[in-house]
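Enquirer: Before I ask anything, here is the structure I am working with.
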Amino acid sequence: MTDGTFLRYVALGDSQTEGLGDGDDITGLRGWADRLAELLAREHPDVLYANLAVRGRLAGQVRAEQLAPALALRPDLATVVAGVNDLLRPRFDPDATAGHLETMFAALTGVGARVATLTFPDVGRITPLARPLGPRVEGLNERIRAASRRHGVTVVETSHHPVVTDPRLWSPDRLHAGPLGHARIAAAVAQALALPGSDDSWTRPLPPGNLPKGFGAVTVELRWIGSFLGPWLGRRLRGRSSGDDRRPKRPELLPVAAARCGPVPPGGG
């Protein structure tokens, strides 16, 4: 980085950073990290970008699998976003989860990279069945803030703004942002990094819309349980993850202008 210019951006994380909800495994995933790289490239077309994120990864797995490759790429900007998969587990340990994140913060800032991370919204405002997870989310957010202060990490406070739980920003599975949500996350990170042209427009509410109510809302909940919650619980019971046998979609630093990487089939590609 020279004079606030980021030319080597590396993203670490799980499905949200990989881009689930923004595109698909047929046409390819975009996601907020891709969108942030595109914002960086508007000012500096020679920006190089790598995305090491893999869906389903716990914070400890992100640390074990992605930190060393990220350091080897010598980033001047890195984003580290993980922990949601941990807090969804019955035996969630907030201190251990935050400890993995802090290790990554320390290692990346230690080599001179500017590091940014996110706080997480209250998932109970997105999915009523997830309301018991609220204290977990806030506890993890507090630990992320504390670790970030210790290492000079930029915290993107998405959790404070009501719009982040507007259903229209989320994909049908309610675990991943949709295209509009990914665009707003990228804009939030851009503002936190003070990128040229960034502002707080990402915090503004969407125009009024008609959301399901009454019987319609119940129908939506039942459809979500059958289509998304049931399969997710099934994988947990079988000890499986959506990221089993998957590799990062963009493991090397490449020009942002290069064609987006397509889906990586199970076992590599």
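If you're wondering about the labels, chains in the structure tokens are A, B, ... by order shown, residues count from 1 in each chain, ligands from 1 in order shown.
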Which region 79-158 of chain A residues have any atom within 8 Å of an atom of region 165-182 of chain A, and for each, what is the nearest pair of atoms with distance in Å to one decimal, counting only C-alpha atoms, rows sorted by chain and number, as JSON lines?

Expert:
```
{"residue": "A:Pro121", "atom": "CA", "partner": "A:Thr165", "partner_atom": "CA", "distance": 7.0}
{"residue": "A:Asp122", "atom": "CA", "partner": "A:Thr165", "partner_atom": "CA", "distance": 7.7}
{"residue": "A:Val123", "atom": "CA", "partner": "A:Thr165", "partner_atom": "CA", "distance": 7.8}
{"residue": "A:Arg125", "atom": "CA", "partner": "A:Thr165", "partner_atom": "CA", "distance": 6.1}
{"residue": "A:Ile126", "atom": "CA", "partner": "A:Thr165", "partner_atom": "CA", "distance": 5.6}
{"residue": "A:Thr127", "atom": "CA", "partner": "A:Arg174", "partner_atom": "CA", "distance": 7.0}
```

Enquirer: Identify, with DSSP run on backbone atoms, the residues in region 10-176 of chain A assigned to strand (DSSP E or B), and express the list as number ranges by chain.

Expert: A: 10-13, 23-24, 28-29, 48-51, 77-81, 114-118, 154-156, 170

Enquirer: For each of A:Ala68, A:Leu77, A:Leu118, A:Ala96, take the minimum atom-to-atom distance to Leu40 (chain A), counting only C-alpha atoms, then give the residue where this is smallest.

Expert: A:Leu77

Enquirer: Using only C-alpha atoms for the distances, tell me which of A:Leu71, A:Phe6, A:Leu20, A:Ala50 is nearest to Pro255 (chain A).

Expert: A:Ala50

Enquirer: Applying 7 Å and only C-alpha atoms, which residues near region 78-89 of chain A remain after dropping the ones on its own chain fewer than 6 positions away? List them as a PDB file with N, CA and C atoms, in the first residue's frame.

Expert:
```
ATOM      1  N   TYR A   9      -5.252  -7.217  -2.814  1.00  0.00           N
ATOM      2  CA  TYR A   9      -6.362  -7.481  -1.888  1.00  0.00           C
ATOM      3  C   TYR A   9      -6.611  -8.973  -1.801  1.00  0.00           C
ATOM      4  N   VAL A  10      -6.638  -9.486  -0.555  1.00  0.00           N
ATOM      5  CA  VAL A  10      -6.903 -10.906  -0.305  1.00  0.00           C
ATOM      6  C   VAL A  10      -8.067 -11.015   0.676  1.00  0.00           C
ATOM      7  N   ALA A  11      -9.071 -11.810   0.326  1.00  0.00           N
ATOM      8  CA  ALA A  11     -10.251 -12.022   1.160  1.00  0.00           C
ATOM      9  C   ALA A  11     -10.213 -13.404   1.796  1.00  0.00           C
ATOM     10  N   LEU A  12     -10.402 -13.462   3.111  1.00  0.00           N
ATOM     11  CA  LEU A  12     -10.462 -14.722   3.852  1.00  0.00           C
ATOM     12  C   LEU A  12     -11.848 -14.846   4.468  1.00  0.00           C
ATOM     13  N   GLY A  13     -12.362 -16.089   4.534  1.00  0.00           N
ATOM     14  CA  GLY A  13     -13.657 -16.244   5.174  1.00  0.00           C
ATOM     15  C   GLY A  13     -14.394 -17.489   4.772  1.00  0.00           C
ATOM     16  N   ASP A  14     -15.740 -17.401   4.899  1.00  0.00           N
ATOM     17  CA  ASP A  14     -16.613 -18.533   4.629  1.00  0.00           C
ATOM     18  C   ASP A  14     -17.533 -18.209   3.454  1.00  0.00           C
ATOM     19  N   GLY A  56     -19.003 -22.918   4.480  1.00  0.00           N
ATOM     20  CA  GLY A  56     -19.083 -23.903   5.552  1.00  0.00           C
ATOM     21  C   GLY A  56     -17.938 -23.889   6.533  1.00  0.00           C
ATOM     22  N   ARG A  57     -16.931 -23.068   6.310  1.00  0.00           N
ATOM     23  CA  ARG A  57     -15.759 -23.102   7.169  1.00  0.00           C
ATOM     24  C   ARG A  57     -16.008 -22.412   8.509  1.00  0.00           C
ATOM     25  N   LEU A  58     -15.553 -23.067   9.575  1.00  0.00           N
ATOM     26  CA  LEU A  58     -15.536 -22.467  10.899  1.00  0.00           C
ATOM     27  C   LEU A  58     -14.344 -21.525  10.999  1.00  0.00           C
ATOM     28  N   ALA A  59     -14.335 -20.663  12.016  1.00  0.00           N
ATOM     29  CA  ALA A  59     -13.248 -19.701  12.144  1.00  0.00           C
ATOM     30  C   ALA A  59     -11.895 -20.393  12.267  1.00  0.00           C
ATOM     31  N   THR A  97     -13.661 -18.863  19.149  1.00  0.00           N
ATOM     32  CA  THR A  97     -13.941 -18.314  17.826  1.00  0.00           C
ATOM     33  C   THR A  97     -13.241 -16.974  17.641  1.00  0.00           C
ATOM     34  N   ALA A 113      -0.354  -5.324   6.456  1.00  0.00           N
ATOM     35  CA  ALA A 113      -1.609  -5.243   5.701  1.00  0.00           C
ATOM     36  C   ALA A 113      -2.635  -4.415   6.473  1.00  0.00           C
ATOM     37  N   ARG A 114      -3.433  -3.670   5.748  1.00  0.00           N
ATOM     38  CA  ARG A 114      -4.641  -3.056   6.325  1.00  0.00           C
ATOM     39  C   ARG A 114      -5.688  -4.160   6.375  1.00  0.00           C
ATOM     40  N   VAL A 115      -6.299  -4.358   7.529  1.00  0.00           N
ATOM     41  CA  VAL A 115      -7.258  -5.452   7.720  1.00  0.00           C
ATOM     42  C   VAL A 115      -8.618  -4.861   8.078  1.00  0.00           C
ATOM     43  N   ALA A 116      -9.661  -5.414   7.482  1.00  0.00           N
ATOM     44  CA  ALA A 116     -11.034  -5.018   7.784  1.00  0.00           C
ATOM     45  C   ALA A 116     -11.858  -6.251   8.101  1.00  0.00           C
ATOM     46  N   THR A 117     -12.831  -6.094   8.969  1.00  0.00           N
ATOM     47  CA  THR A 117     -13.736  -7.169   9.334  1.00  0.00           C
ATOM     48  C   THR A 117     -15.134  -6.591   9.533  1.00  0.00           C
ATOM     49  N   LEU A 118     -16.108  -7.465   9.771  1.00  0.00           N
ATOM     50  CA  LEU A 118     -17.504  -7.053   9.932  1.00  0.00           C
ATOM     51  C   LEU A 118     -18.028  -7.478  11.291  1.00  0.00           C
ATOM     52  N   ARG A 136     -25.669 -14.710  21.419  1.00  0.00           N
ATOM     53  CA  ARG A 136     -24.421 -15.221  20.846  1.00  0.00           C
ATOM     54  C   ARG A 136     -23.837 -14.228  19.845  1.00  0.00           C
TER      55      ARG A 136
END
```

Enquirer: Restricting the calculation to only C-alpha atoms: of A:Pro162, A:Pro251, A:Pro45, A:Gly60, which residue gets closest to Asp95 (chain A)?

Expert: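 Once distances to Asp95 (chain A) are computed over only C-alpha atoms, the minimum belongs to A:Gly60.
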
Enquirer: Fewer than 6 positions away in the same chain doesn't count, so skip those; otherwise give me all residues within 10 Å of Val111 (chain A), counting only C-alpha atoms, as a list in words.

Expert: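 In the requested form, the answer reads Leu71, Arg74, Pro75 and Asp76 of chain A.
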
Enquirer: So which one's closest to Ala192 (chain A), A:Leu36, A:Leu73, A:Leu7, A:Ala146? Using only C-alpha atoms, please.

Expert: A:Leu36

Enquirer: Going by DSSP on the backbone, which residues of region 8-162 of chain A come out as alpha helix (DSSP H)? List them as number ranges by chain.

Expert: A: 15-18, 31-43, 59-72, 84-87, 94-110, 134-151

Enquirer: Can you pull out the residues contacting Arg204 (chain A)? Cut-off 10 Å, using only C-alpha atoms, and skip same-chain residues under 4 positions away; I want them as a VMD selection string.

Expert: chain A and resid 161 to 164 184 200

Enquirer: What is the distance, in Å and to one decimal place, between CA of Thr27 (chain A) and CA of Ser15 (chain A)?

Expert: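 Rounded to one decimal, the two atoms are 16.3 Å apart.
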
Enquirer: Measure the distance from CA of Leu48 (chain A) to CA of Leu254 (chain A) in Å and round it to one decimal.

Expert: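 CA of Leu254 (chain A) lies at a distance of 4.9 Å from CA of Leu48 (chain A).
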